[in-house]
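Peer 1: Supplied structure: coords_36.cif, mmCIF, C-alpha atoms.
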data_input
#
loop_
_atom_site.label_atom_id
_atom_site.label_comp_id
_atom_site.auth_asym_id
_atom_site.auth_seq_id
_atom_site.Cartn_x
_atom_site.Cartn_y
_atom_site.Cartn_z
CA MET A 1004 23.71 28.68 40.32
CA ASP A 1005 24.62 27.86 43.88
CA SER A 1006 24.85 24.14 43.27
CA THR A 1007 27.22 24.41 40.36
CA ALA A 1008 29.39 27.32 41.42
CA VAL A 1009 32.84 26.55 42.70
CA GLU A 1010 33.00 27.98 46.18
CA GLN A 1011 36.67 28.80 46.38
CA THR A 1012 38.72 29.58 43.32
CA GLY A 1013 41.73 30.91 45.11
CA THR A 1014 41.49 34.14 43.17
CA GLU A 1015 39.13 36.08 45.44
CA GLY A 1016 40.00 39.72 45.65
CA LYS A 1017 42.36 39.47 42.70
CA ASN A 1018 41.68 41.84 39.81
CA TRP A 1019 41.05 39.13 37.28
CA GLY A 1020 39.28 36.66 39.57
CA GLY A 1021 35.91 37.55 38.08
CA GLY A 1022 32.87 39.22 39.52
CA ASN A 1023 34.49 42.59 39.92
CA GLN A 1024 35.26 45.57 37.70
CA PRO A 1025 39.01 45.52 37.30
CA LEU A 1026 38.94 48.58 35.07
CA LYS A 1027 36.64 50.38 37.52
CA ALA A 1028 34.46 51.66 34.71
CA SER A 1029 30.87 50.81 33.89
CA TYR A 1030 30.04 48.70 30.85
CA GLY A 1031 28.88 51.69 28.81
CA LYS A 1032 31.91 53.79 29.55
CA LEU A 1033 34.27 50.93 28.83
CA MET A 1034 32.62 50.27 25.49
CA MET A 1035 32.81 53.94 24.62
CA TRP A 1036 36.53 53.83 25.32
CA PHE A 1037 36.96 50.76 23.14
CA PHE A 1038 34.96 52.37 20.37
CA ILE A 1039 37.14 55.46 20.64
CA THR A 1040 40.29 53.35 20.46
CA SER A 1041 39.14 51.64 17.28
CA ASP A 1042 37.93 54.91 15.79
CA ALA A 1043 41.28 56.48 16.61
CA LEU A 1044 42.92 53.71 14.61
CA THR A 1045 40.57 54.40 11.70
CA PHE A 1046 41.54 58.05 11.66
CA SER A 1047 45.20 57.13 12.05
CA GLY A 1048 44.80 54.94 9.00
CA PHE A 1049 43.44 57.88 7.01
CA LEU A 1050 46.09 60.28 8.22
CA ALA A 1051 48.86 57.75 7.66
CA ALA A 1052 47.54 57.19 4.12
CA TYR A 1053 47.63 60.96 3.67
CA GLY A 1054 51.22 60.91 4.91
CA PHE A 1055 52.02 58.12 2.47
CA THR A 1056 50.70 60.15 -0.47
CA ARG A 1057 52.38 63.26 0.80
CA PHE A 1058 55.75 61.49 0.96
CA LYS A 1059 55.11 60.02 -2.47
CA PHE A 1060 54.62 63.51 -3.95
CA ILE A 1061 56.82 65.36 -1.47
CA ASP A 1062 58.28 67.68 -4.15
CA GLU A 1063 54.95 68.83 -5.56
CA TRP A 1064 52.37 68.82 -2.78
CA PRO A 1065 50.16 71.93 -2.58
CA ILE A 1066 51.10 74.54 0.02
CA ALA A 1067 48.24 74.69 2.52
CA ASP A 1068 48.64 78.43 3.17
CA GLU A 1069 47.87 79.14 -0.48
CA VAL A 1070 44.81 76.92 -0.55
CA PHE A 1071 43.11 77.76 2.73
CA ASN A 1072 43.46 81.52 2.81
CA HIS A 1073 39.87 82.72 2.98
CA PHE A 1074 38.12 84.45 5.83
CA PRO A 1075 34.44 85.45 5.90
CA PHE A 1076 33.83 89.03 4.76
CA LEU A 1077 37.49 89.52 3.85
CA HIS A 1078 37.37 89.08 0.10
CA GLY A 1079 40.65 89.05 -1.76
CA ILE A 1080 42.66 89.37 1.43
CA ASP A 1081 45.25 86.70 1.97
CA ALA A 1082 44.35 85.21 5.37
CA PRO A 1083 46.24 81.96 5.66
CA MET A 1084 44.89 79.64 8.33
CA TYR A 1085 43.05 82.31 10.33
CA TYR A 1086 39.77 80.61 9.72
CA VAL A 1087 40.87 77.08 10.58
CA ALA A 1088 42.53 78.46 13.69
CA LEU A 1089 39.20 80.00 14.64
CA MET A 1090 37.46 76.68 13.95
CA THR A 1091 39.99 74.94 16.18
CA PHE A 1092 39.23 77.38 18.98
CA ILE A 1093 35.51 76.87 18.56
CA LEU A 1094 35.93 73.11 18.87
CA ILE A 1095 38.31 73.31 21.84
CA PHE A 1096 35.94 75.69 23.57
CA SER A 1097 32.99 73.38 22.95
CA SER A 1098 35.12 70.66 24.54
CA VAL A 1099 35.55 72.90 27.58
CA THR A 1100 31.82 73.49 27.92
CA MET A 1101 31.29 69.75 27.49
CA VAL A 1102 33.65 68.88 30.33
CA LEU A 1103 31.98 71.56 32.45
CA ALA A 1104 28.63 69.89 31.73
CA VAL A 1105 30.06 66.50 32.76
CA ASP A 1106 31.44 68.08 35.90
CA ALA A 1107 28.07 69.66 36.73
CA GLY A 1108 26.50 66.25 36.10
CA HIS A 1109 28.72 64.70 38.77
CA LYS A 1110 27.28 67.24 41.18
CA LEU A 1111 23.71 66.56 39.91
CA GLN A 1112 23.20 70.22 38.93
CA LYS A 1113 20.59 69.91 36.24
CA SER A 1114 20.36 73.54 35.17
CA LYS A 1115 24.12 73.85 34.80
CA VAL A 1116 24.29 70.67 32.73
CA THR A 1117 21.54 72.04 30.50
CA PHE A 1118 23.30 75.35 30.02
CA TYR A 1119 26.72 73.91 29.23
CA MET A 1120 25.30 71.26 26.92
CA ALA A 1121 23.40 73.92 24.99
CA LEU A 1122 26.66 75.84 24.55
CA THR A 1123 28.40 72.66 23.37
CA ILE A 1124 25.69 71.99 20.78
CA LEU A 1125 26.02 75.56 19.60
CA GLY A 1126 29.78 75.18 19.26
CA GLY A 1127 29.36 71.97 17.29
CA ALA A 1128 26.83 73.56 14.96
CA VAL A 1129 29.05 76.59 14.34
CA PHE A 1130 31.96 74.28 13.59
CA LEU A 1131 29.89 72.30 11.09
CA GLY A 1132 28.79 75.50 9.38
CA SER A 1133 32.41 76.65 9.19
CA GLN A 1134 33.41 73.39 7.65
CA ALA A 1135 30.67 73.70 5.05
CA TRP A 1136 31.97 77.17 4.20
CA GLU A 1137 35.50 75.83 3.97
CA TRP A 1138 34.29 73.11 1.58
CA LYS A 1139 32.45 75.67 -0.52
CA ASN A 1140 35.63 77.69 -1.02
CA PHE A 1141 37.62 74.57 -1.77
CA ILE A 1142 35.10 73.28 -4.31
CA ASN A 1143 34.62 76.60 -6.09
CA GLY A 1144 38.30 77.45 -6.23
CA GLU A 1145 39.64 80.86 -7.05
CA TYR A 1146 42.23 80.95 -9.80
CA GLY A 1147 41.68 77.91 -11.98
CA ALA A 1148 44.52 75.87 -13.44
CA VAL A 1149 45.61 74.07 -16.57
CA GLU A 1150 45.79 70.31 -16.56
CA THR A 1151 48.70 68.75 -18.43
CA LYS A 1152 48.84 65.53 -20.42
CA SER A 1153 50.32 63.73 -17.43
CA GLY A 1154 47.65 65.01 -15.04
CA LYS A 1155 49.87 67.66 -13.46
CA ILE A 1156 48.76 71.21 -12.82
CA LEU A 1157 50.00 74.52 -14.27
CA GLN A 1158 49.02 77.76 -12.57
CA PHE A 1159 49.45 81.38 -13.68
CA VAL A 1160 51.34 84.15 -11.95
CA ASP A 1161 52.36 87.67 -12.96
CA ASN A 1162 55.93 89.02 -12.95
CA ASP A 1163 55.78 89.66 -9.21
CA GLY A 1164 54.81 86.07 -8.51
CA LYS A 1165 51.22 86.96 -7.61
CA ARG A 1166 48.59 84.44 -8.66
CA VAL A 1167 46.42 85.35 -11.65
CA ALA A 1168 43.03 83.82 -12.22
CA ILE A 1169 42.26 82.34 -15.64
CA GLN A 1170 38.99 84.28 -15.63
CA ASP A 1171 40.99 87.53 -15.51
CA PHE A 1172 42.85 87.18 -18.77
CA ALA A 1173 41.10 84.52 -20.88
CA PRO A 1174 37.99 85.36 -22.91
CA GLN A 1175 34.78 83.51 -22.24
CA HIS A 1176 34.35 80.71 -24.68
CA GLU A 1177 31.70 81.13 -27.33
CA SER A 1178 29.94 77.87 -27.21
CA TYR A 1179 29.60 75.94 -30.43
CA ARG A 1180 27.38 73.26 -28.96
CA GLU A 1181 24.37 72.61 -26.80
CA GLN A 1182 24.47 71.61 -23.19
CA HIS A 1183 24.53 67.84 -22.85
CA LYS A 1184 21.48 66.61 -20.99
CA GLY A 1185 20.35 63.13 -20.07
CA ASN A 1186 17.33 63.28 -22.38
CA LYS A 1187 19.49 64.09 -25.43
CA GLY A 1188 21.91 61.39 -26.38
CA ALA A 1189 23.11 58.85 -23.85
CA TRP A 1190 20.83 59.05 -20.81
CA TYR A 1191 23.57 58.32 -18.33
CA ILE A 1192 25.85 61.15 -19.44
CA SER A 1193 25.01 64.76 -18.66
CA GLU A 1194 26.76 67.95 -17.62
CA SER A 1195 25.60 70.65 -15.26
CA SER A 1196 26.76 73.47 -17.54
CA ILE A 1197 28.83 74.09 -20.63
CA PRO A 1198 32.39 75.04 -19.65
CA GLN A 1199 32.81 78.79 -19.88
CA TYR A 1200 36.48 78.73 -20.78
CA HIS A 1201 38.43 76.67 -23.23
CA ILE A 1202 42.08 75.62 -23.13
CA ASP A 1203 42.72 76.90 -26.67
CA ASP A 1204 41.46 80.37 -25.77
CA VAL A 1205 43.65 80.35 -22.67
CA LYS A 1206 46.72 79.40 -24.73
CA GLU A 1207 45.92 82.18 -27.21
CA ALA A 1208 45.34 84.77 -24.49
CA PHE A 1209 48.50 83.76 -22.66
CA LYS A 1210 50.60 84.56 -25.76
CA ASN A 1211 49.30 88.10 -25.74
CA GLU A 1212 49.75 88.76 -22.04
CA GLU A 1213 53.47 89.52 -21.85
CA ASN A 1214 53.64 89.71 -18.07
CA LEU A 1215 52.14 86.29 -17.35
CA LEU A 1216 54.21 83.29 -16.34
CA VAL A 1217 53.47 79.64 -15.66
CA ARG A 1218 53.97 78.14 -12.23
CA THR A 1219 54.45 74.38 -11.96
CA MET A 1220 53.68 72.08 -9.04
CA GLN A 1221 57.35 71.45 -8.41
CA LEU A 1222 58.71 72.83 -5.11
CA ASN A 1223 62.15 74.46 -5.35
CA GLU A 1224 64.88 74.78 -2.72
CA GLN A 1225 63.07 77.71 -1.16
CA LYS A 1226 60.10 75.36 -0.66
CA GLU A 1227 58.08 77.49 -3.04
CA LYS A 1228 56.46 76.53 -6.32
CA THR A 1229 58.75 76.86 -9.35
CA VAL A 1230 57.95 79.77 -11.68
CA LEU A 1231 59.11 79.27 -15.26
CA ASN A 1232 60.56 82.06 -17.41
CA ARG A 1233 58.52 83.44 -20.30
CA GLN A 1234 59.95 81.16 -23.03
CA GLU A 1235 59.57 78.03 -20.95
CA SER A 1236 56.09 79.13 -19.89
CA LEU A 1237 54.93 79.43 -23.49
CA LYS A 1238 56.45 76.09 -24.40
CA TYR A 1239 55.06 74.28 -21.35
CA LEU A 1240 51.56 75.59 -21.88
CA GLU A 1241 51.58 74.89 -25.62
CA ASP A 1242 53.03 71.38 -25.38
CA ARG A 1243 51.45 70.08 -22.23
CA GLY A 1244 48.18 71.88 -21.55
CA VAL A 1245 45.16 69.78 -22.43
CA ASP A 1246 42.33 70.97 -20.20
CA LEU A 1247 41.22 73.50 -17.61
CA ILE A 1248 40.31 72.84 -14.01
CA PHE A 1249 38.27 75.21 -11.88
CA GLY A 1250 37.93 74.39 -8.21
CA ALA A 1251 37.93 70.83 -7.00
CA ASN A 1252 36.02 67.61 -7.23
CA MET A 1253 36.75 64.04 -6.27
CA SER A 1254 39.05 63.37 -9.22
CA LYS A 1255 40.85 66.64 -9.93
CA ASN A 1256 41.50 69.98 -8.34
CA GLU A 1257 43.18 73.23 -9.27
CA TYR A 1258 45.52 73.14 -6.26
CA GLY A 1259 47.80 70.30 -7.30
CA ALA A 1260 47.96 66.56 -6.79
CA PRO A 1261 44.50 65.05 -7.42
CA LEU A 1262 44.80 63.04 -4.22
CA PHE A 1263 45.10 66.25 -2.22
CA GLY A 1264 41.45 66.98 -2.97
CA GLY A 1265 40.46 63.38 -2.35
CA PHE A 1266 42.08 63.31 1.06
CA PHE A 1267 40.71 66.73 1.95
CA PHE A 1268 37.16 65.63 1.20
CA PHE A 1269 37.58 62.24 2.80
CA ILE A 1270 39.34 63.14 6.03
CA THR A 1271 37.63 66.43 6.84
CA GLY A 1272 34.37 64.89 5.61
CA PHE A 1273 34.71 61.87 7.86
CA HIS A 1274 35.60 64.13 10.75
CA GLY A 1275 32.67 66.38 9.93
CA PHE A 1276 30.44 63.32 9.92
CA HIS A 1277 31.70 62.53 13.41
CA VAL A 1278 30.97 66.09 14.52
CA PHE A 1279 27.51 65.78 13.03
CA SER A 1280 26.76 62.50 14.82
CA GLY A 1281 28.22 64.03 17.99
CA VAL A 1282 25.80 66.94 17.70
CA VAL A 1283 22.89 64.51 17.19
CA LEU A 1284 23.92 62.50 20.28
CA LEU A 1285 24.30 65.73 22.24
CA ILE A 1286 20.84 66.91 21.23
CA ILE A 1287 19.26 63.60 22.28
CA THR A 1288 21.08 63.70 25.61
CA PHE A 1289 20.21 67.37 26.01
CA PHE A 1290 16.49 66.62 25.78
CA ASN A 1291 16.92 63.71 28.20
CA VAL A 1292 18.53 66.13 30.63
CA LEU A 1293 15.67 68.58 30.11
CA ILE A 1294 12.94 66.01 30.86
CA GLY A 1295 14.87 64.86 33.89
CA THR A 1296 15.76 61.30 32.86
CA TYR A 1297 19.19 61.46 34.45
CA GLU A 1298 17.85 63.37 37.45
CA LYS A 1299 15.61 60.38 38.17
CA ARG A 1300 18.50 57.94 37.66
CA LYS A 1301 20.59 60.04 40.02
CA SER A 1302 23.38 59.61 37.49
CA TYR A 1303 24.50 61.74 34.61
CA GLU A 1304 26.74 59.05 33.23
CA MET A 1305 25.15 59.31 29.78
CA VAL A 1306 26.36 62.91 29.57
CA GLU A 1307 29.80 61.66 30.47
CA LYS A 1308 29.77 59.00 27.75
CA VAL A 1309 28.61 61.41 25.06
CA GLY A 1310 31.21 63.79 26.44
CA LEU A 1311 33.93 61.21 25.86
CA TYR A 1312 32.87 60.95 22.24
CA TRP A 1313 32.78 64.72 21.87
CA HIS A 1314 36.29 65.13 23.27
CA PHE A 1315 37.46 62.44 20.90
CA VAL A 1316 36.09 64.44 17.96
CA ASP A 1317 38.05 67.43 19.24
CA LEU A 1318 41.13 65.24 19.64
CA VAL A 1319 40.90 64.09 16.03
CA TRP A 1320 40.52 67.67 14.81
CA VAL A 1321 43.72 68.65 16.61
CA PHE A 1322 45.55 66.10 14.44
CA VAL A 1323 43.69 66.93 11.24
CA PHE A 1324 44.48 70.59 11.82
CA THR A 1325 48.18 69.84 12.20
CA PHE A 1326 48.56 67.49 9.28
CA PHE A 1327 46.32 69.24 6.79
CA TYR A 1328 46.96 72.87 7.54
CA LEU A 1329 50.25 73.23 9.38
CA VAL A 1330 52.76 70.57 8.37
CA MET B 370 44.40 57.84 40.77
CA ALA B 371 41.36 55.64 40.73
CA GLN B 372 40.68 56.16 44.41
CA ASP B 373 40.17 59.89 44.13
CA ALA B 374 37.68 59.50 41.28
CA SER B 375 34.78 60.51 43.52
CA THR B 376 36.58 63.14 45.56
CA HIS B 377 38.04 65.34 42.87
CA HIS B 378 35.17 67.79 42.72
CA GLU B 379 36.70 70.93 44.18
CA GLY B 380 39.71 71.46 41.95
CA THR B 381 38.10 70.24 38.73
CA THR B 382 36.69 73.52 37.44
CA LYS B 383 40.00 75.21 38.01
CA ARG B 384 41.80 72.36 36.24
CA ILE B 385 39.41 72.57 33.25
CA TRP B 386 40.09 76.26 32.75
CA SER B 387 43.82 75.93 33.20
CA VAL B 388 43.87 73.13 30.60
CA PHE B 389 41.80 75.33 28.28
CA ILE B 390 44.40 78.09 28.63
CA ILE B 391 47.24 75.65 27.94
CA LEU B 392 45.46 74.31 24.83
CA SER B 393 44.76 77.84 23.58
CA VAL B 394 48.34 78.96 24.08
CA LEU B 395 49.65 75.88 22.26
CA THR B 396 47.23 76.48 19.37
CA ILE B 397 48.21 80.15 19.16
CA VAL B 398 51.89 79.20 19.10
CA GLU B 399 51.19 76.73 16.29
CA VAL B 400 49.22 79.25 14.25
CA VAL B 401 51.79 82.03 14.71
CA LEU B 402 54.61 79.69 13.68
CA GLY B 403 52.49 78.48 10.76
CA ILE B 404 51.86 82.01 9.52
CA PHE B 405 55.36 83.43 9.94
CA LYS B 406 57.25 80.22 9.18
CA PRO B 407 60.61 81.31 10.67
CA HIS B 408 63.32 80.69 8.08
CA PHE B 409 65.59 78.93 10.57
CA LEU B 410 62.93 76.42 11.60
CA VAL B 411 61.77 75.70 8.05
CA PHE B 412 65.26 75.01 6.69
CA THR B 413 66.72 73.04 9.58
CA GLU B 414 66.30 69.37 8.87
CA VAL B 415 66.05 66.96 11.80
CA VAL B 416 65.59 63.27 10.92
CA SER B 417 64.33 63.94 7.37
CA MET B 418 61.75 66.53 8.41
CA SER B 419 62.01 70.29 9.06
CA LEU B 420 62.32 71.40 12.67
CA LEU B 421 59.10 73.39 12.26
CA ASN B 422 57.15 70.25 11.41
CA TRP B 423 58.63 68.47 14.40
CA ILE B 424 57.54 71.33 16.63
CA PHE B 425 54.02 71.15 15.18
CA ILE B 426 53.80 67.40 15.74
CA ILE B 427 55.20 67.49 19.26
CA LEU B 428 52.86 70.33 20.26
CA THR B 429 49.95 68.38 18.78
CA ILE B 430 50.78 65.27 20.77
CA TYR B 431 51.13 67.45 23.86
CA LYS B 432 47.66 68.87 23.17
CA ALA B 433 46.28 65.37 22.64
CA TYR B 434 47.73 64.40 26.02
CA PHE B 435 45.90 67.25 27.75
CA ILE B 436 42.61 66.53 26.01
CA THR B 437 42.74 62.83 26.87
CA TRP B 438 44.05 63.17 30.41
CA ALA B 439 42.11 66.21 31.61
CA PHE B 440 38.97 66.45 29.46
CA MET B 441 38.37 62.74 29.00
CA HIS B 442 39.34 62.12 32.66
CA MET B 443 41.94 59.55 31.72
CA GLU B 444 43.95 60.67 34.75
CA HIS B 445 41.18 59.35 37.00
CA GLU B 446 40.76 56.00 35.26
CA SER B 447 42.39 52.85 36.52
CA PRO B 448 45.86 52.03 35.13
CA GLY B 449 44.41 48.99 33.40
CA LEU B 450 41.93 51.00 31.36
CA ARG B 451 44.52 53.64 30.62
CA ARG B 452 46.99 51.09 29.30
CA THR B 453 44.34 49.25 27.30
CA VAL B 454 43.39 52.38 25.43
CA VAL B 455 46.64 54.29 25.17
CA TRP B 456 49.13 51.53 24.51
CA THR B 457 46.96 49.90 21.86
CA GLY B 458 46.69 53.19 20.06
CA VAL B 459 50.27 54.28 20.44
CA PHE B 460 51.88 51.02 19.31
CA LEU B 461 49.60 50.38 16.35
CA ILE B 462 49.77 53.98 15.18
CA CYS B 463 53.56 54.06 15.37
CA TYR B 464 53.73 50.89 13.30
CA LEU B 465 51.22 52.18 10.76
CA ILE B 466 52.97 55.51 10.33
CA ALA B 467 56.45 54.02 10.10
CA ILE B 468 55.51 51.51 7.44
CA LEU B 469 53.42 53.90 5.32
CA LEU B 470 55.88 56.77 5.38
CA ILE B 471 58.77 54.49 4.46
CA GLU B 472 56.75 53.06 1.56
CA GLY B 473 55.68 56.54 0.42
CA ASN B 474 59.27 57.66 0.41
CA TYR B 475 60.26 54.58 -1.57
CA ILE B 476 57.67 55.30 -4.27
CA HIS B 477 58.88 58.88 -4.40
CA ASP B 478 62.39 57.59 -5.05
CA VAL B 479 61.08 55.32 -7.79
CA TYR B 480 59.35 58.27 -9.45
CA THR B 481 62.49 60.41 -9.28
CA ASN B 482 65.16 57.88 -10.17
CA GLU B 483 63.68 55.58 -12.74
CA PHE B 484 64.24 56.15 -16.47
CA MET B 485 60.80 57.46 -17.23
CA THR B 486 59.26 60.85 -16.63
CA TRP B 487 55.93 61.26 -14.91
CA ASP B 488 55.69 64.92 -15.80
CA PHE B 489 55.05 65.49 -19.49
#
Kindly return the structure encoded in the file as structure tokens.
Peer 2:
Amino acid sequence: MDSTAVEQTGTEGKNWGGGNQPLKASYGKLMMWFFITSDALTFSGFLAAYGFTRFKFIDEWPIADEVFNHFPFLHGIDAPMYYVALMTFILIFSSVTMVLAVDAGHKLQKSKVTFYMALTILGGAVFLGSQAWEWKNFINGEYGAVETKSGKILQFVDNDGKRVAIQDFAPQHESYREQHKGNKGAWYISESSIPQYHIDDVKEAFKNEENLLVRTMQLNEQKEKTVLNRQESLKYLEDRGVDLIFGANMSKNEYGAPLFGGFFFFITGFHGFHVFSGVVLLIITFFNVLIGTYEKRKSYEMVEKVGLYWHFVDLVWVFVFTFFYLV
Amino acid sequence: MAQDASTHHEGTTKRIWSVFIILSVLTIVEVVLGIFKPHFLVFTEVVSMSLLNWIFIILTIYKAYFITWAFMHMEHESPGLRRTVVWTGVFLICYLIAILLIEGNYIHDVYTNEFMTWDF
């Protein structure tokens, strides 16, 4: 080394002369920052793609307040956004406890780090549970909708504009066939249950219910969904309705544009996956704190690095919250 | 900035809680606006988006600033690191959003103006 090294480069003491840390951060922390930057771009890609689709269907996108209006133990009460707001608070608060843990780590206070990290893990777990509940509501749906020939959605409202569930006015379908299972017929096609309602029954029942109207996906000047009059409703349903949709899956949903469901699952799912991996990292670090690994190193930098990741997860949620639920 | 990285212990806890309060207030403002949707804000268009949406987005970026600067300690990092991370993100994201939203809007115009219906 000594024999080959150039003794004077003329750049000694300069930031980029080599041999120093111009960014004044350790390798691990720097790499965490770079990972976060690239991950931020990934999420931006998803959210920008969501924006693209939203602008593409700007006149018919579902209204978030109507989709996400559930709150635990408040059945049938319209609670737009309360629950996501609560989830946001939980995540922000877990970010606070995380930064308190990092701060305690700087002061080498093991018991405080333990306590705050435990709170952070708890916050993360509660958030994940909330997200699972949110998914459950989204997947199960509430009112059901009719799918048209062109893949658009028709929903039902009464004269006052209140939503009416298909289950409330259509009769259950008397099944004329057996459930399709993999061991009967083609092995690769099966269904989890026979559909309980049929589009023809819904069309029939709709004719008899004088006070029901059809609501299309189209947003009017009041930025509300267009409600058709009775004649148009009958015509629309008769001419266009081909199938029923209850809840949501990857290809269709009862809320509106099929891509709305796709983006919901993909973006909140990818974020939830980040929360999940964050919780796993936190748990590993938590046990390392407990057995005194960082105490021996006299450095709690690992807590700081995991903390960076955790704050990033919170940061992403702030944007997901805005673009999925508010805008 | 970078010099006080090791000597910022005393005020930190206070700073954390004050940032928490700021973030909470911003979130509450967002949620209240989102629930009540004031007519004036919803129907005032500023640069092809409603004023309400602009408020949401600006508040969100403001929140992101606090999370990054205070919670992720970006304010104590060296300017080099700060620029590496923030500028990369900001420039690429602006480009991405601009190009995708313009394209989305174009396809929307195609759907509306061409001689074929997509709703049948």
Peer 1: For the structure provided, state which residues fall under the PyMOL selection byres ((chain B and resi 433-438) around 12), and present them as a PDB file with C-alpha atoms, in the coordinates of the input.
Peer 2:
ATOM      1  CA  TRP A1036      36.530  53.830  25.320  1.00  0.00           C
ATOM      2  CA  ILE A1039      37.140  55.460  20.640  1.00  0.00           C
ATOM      3  CA  THR A1040      40.290  53.350  20.460  1.00  0.00           C
ATOM      4  CA  ALA A1043      41.280  56.480  16.610  1.00  0.00           C
ATOM      5  CA  LEU A1094      35.930  73.110  18.870  1.00  0.00           C
ATOM      6  CA  ILE A1095      38.310  73.310  21.840  1.00  0.00           C
ATOM      7  CA  PHE A1096      35.940  75.690  23.570  1.00  0.00           C
ATOM      8  CA  SER A1098      35.120  70.660  24.540  1.00  0.00           C
ATOM      9  CA  VAL A1099      35.550  72.900  27.580  1.00  0.00           C
ATOM     10  CA  MET A1101      31.290  69.750  27.490  1.00  0.00           C
ATOM     11  CA  VAL A1102      33.650  68.880  30.330  1.00  0.00           C
ATOM     12  CA  GLY A1310      31.210  63.790  26.440  1.00  0.00           C
ATOM     13  CA  LEU A1311      33.930  61.210  25.860  1.00  0.00           C
ATOM     14  CA  TYR A1312      32.870  60.950  22.240  1.00  0.00           C
ATOM     15  CA  TRP A1313      32.780  64.720  21.870  1.00  0.00           C
ATOM     16  CA  HIS A1314      36.290  65.130  23.270  1.00  0.00           C
ATOM     17  CA  PHE A1315      37.460  62.440  20.900  1.00  0.00           C
ATOM     18  CA  VAL A1316      36.090  64.440  17.960  1.00  0.00           C
ATOM     19  CA  ASP A1317      38.050  67.430  19.240  1.00  0.00           C
ATOM     20  CA  LEU A1318      41.130  65.240  19.640  1.00  0.00           C
ATOM     21  CA  VAL A1319      40.900  64.090  16.030  1.00  0.00           C
ATOM     22  CA  TRP A1320      40.520  67.670  14.810  1.00  0.00           C
ATOM     23  CA  VAL A1321      43.720  68.650  16.610  1.00  0.00           C
ATOM     24  CA  PHE A1322      45.550  66.100  14.440  1.00  0.00           C
ATOM     25  CA  VAL A1323      43.690  66.930  11.240  1.00  0.00           C
ATOM     26  CA  THR A1325      48.180  69.840  12.200  1.00  0.00           C
TER      27      THR A1325
ATOM     28  CA  MET B 370      44.400  57.840  40.770  1.00  0.00           C
ATOM     29  CA  ARG B 384      41.800  72.360  36.240  1.00  0.00           C
ATOM     30  CA  ILE B 385      39.410  72.570  33.250  1.00  0.00           C
ATOM     31  CA  TRP B 386      40.090  76.260  32.750  1.00  0.00           C
ATOM     32  CA  SER B 387      43.820  75.930  33.200  1.00  0.00           C
ATOM     33  CA  VAL B 388      43.870  73.130  30.600  1.00  0.00           C
ATOM     34  CA  PHE B 389      41.800  75.330  28.280  1.00  0.00           C
ATOM     35  CA  ILE B 390      44.400  78.090  28.630  1.00  0.00           C
ATOM     36  CA  ILE B 391      47.240  75.650  27.940  1.00  0.00           C
ATOM     37  CA  LEU B 392      45.460  74.310  24.830  1.00  0.00           C
ATOM     38  CA  SER B 393      44.760  77.840  23.580  1.00  0.00           C
ATOM     39  CA  LEU B 395      49.650  75.880  22.260  1.00  0.00           C
ATOM     40  CA  THR B 396      47.230  76.480  19.370  1.00  0.00           C
ATOM     41  CA  ILE B 426      53.800  67.400  15.740  1.00  0.00           C
ATOM     42  CA  ILE B 427      55.200  67.490  19.260  1.00  0.00           C
ATOM     43  CA  LEU B 428      52.860  70.330  20.260  1.00  0.00           C
ATOM     44  CA  THR B 429      49.950  68.380  18.780  1.00  0.00           C
ATOM     45  CA  ILE B 430      50.780  65.270  20.770  1.00  0.00           C
ATOM     46  CA  TYR B 431      51.130  67.450  23.860  1.00  0.00           C
ATOM     47  CA  LYS B 432      47.660  68.870  23.170  1.00  0.00           C
ATOM     48  CA  ALA B 439      42.110  66.210  31.610  1.00  0.00           C
ATOM     49  CA  PHE B 440      38.970  66.450  29.460  1.00  0.00           C
ATOM     50  CA  MET B 441      38.370  62.740  29.000  1.00  0.00           C
ATOM     51  CA  HIS B 442      39.340  62.120  32.660  1.00  0.00           C
ATOM     52  CA  MET B 443      41.940  59.550  31.720  1.00  0.00           C
ATOM     53  CA  GLU B 444      43.950  60.670  34.750  1.00  0.00           C
ATOM     54  CA  HIS B 445      41.180  59.350  37.000  1.00  0.00           C
ATOM     55  CA  GLU B 446      40.760  56.000  35.260  1.00  0.00           C
ATOM     56  CA  ARG B 451      44.520  53.640  30.620  1.00  0.00           C
ATOM     57  CA  VAL B 454      43.390  52.380  25.430  1.00  0.00           C
ATOM     58  CA  VAL B 455      46.640  54.290  25.170  1.00  0.00           C
ATOM     59  CA  VAL B 459      50.270  54.280  20.440  1.00  0.00           C
TER      60      VAL B 459
END
Peer 1: Specify as a ChimeraX atom specification each residue included when the PyMOL selection byres ((chain A and resi 1119) around 7) is applied to this file.
Peer 2: /A:1100-1101,1103-1104,1115-1118,1120-1123
Peer 1: Output C-alpha atoms for every residue in the selection just made, as a tab-separated table (two decimals), in the coordinates of the input.
Peer 2:
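Listing of again-v1.tsv after writing:
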chain	number	residue	atom	x	y	z
A	1100	THR	CA	31.82	73.49	27.92
A	1101	MET	CA	31.29	69.75	27.49
A	1103	LEU	CA	31.98	71.56	32.45
A	1104	ALA	CA	28.63	69.89	31.73
A	1115	LYS	CA	24.12	73.85	34.80
A	1116	VAL	CA	24.29	70.67	32.73
A	1117	THR	CA	21.54	72.04	30.50
A	1118	PHE	CA	23.30	75.35	30.02
A	1120	MET	CA	25.30	71.26	26.92
A	1121	ALA	CA	23.40	73.92	24.99
A	1122	LEU	CA	26.66	75.84	24.55
A	1123	THR	CA	28.40	72.66	23.37
Peer 1: I would like the residues chosen by the PyMOL selection byres ((chain A and resi 1176) around 12) on the shown file; could you give them as a PyMOL selection string?
Peer 2: chain A and resi 1170+1173-1175+1177-1180+1197-1205+1207-1208
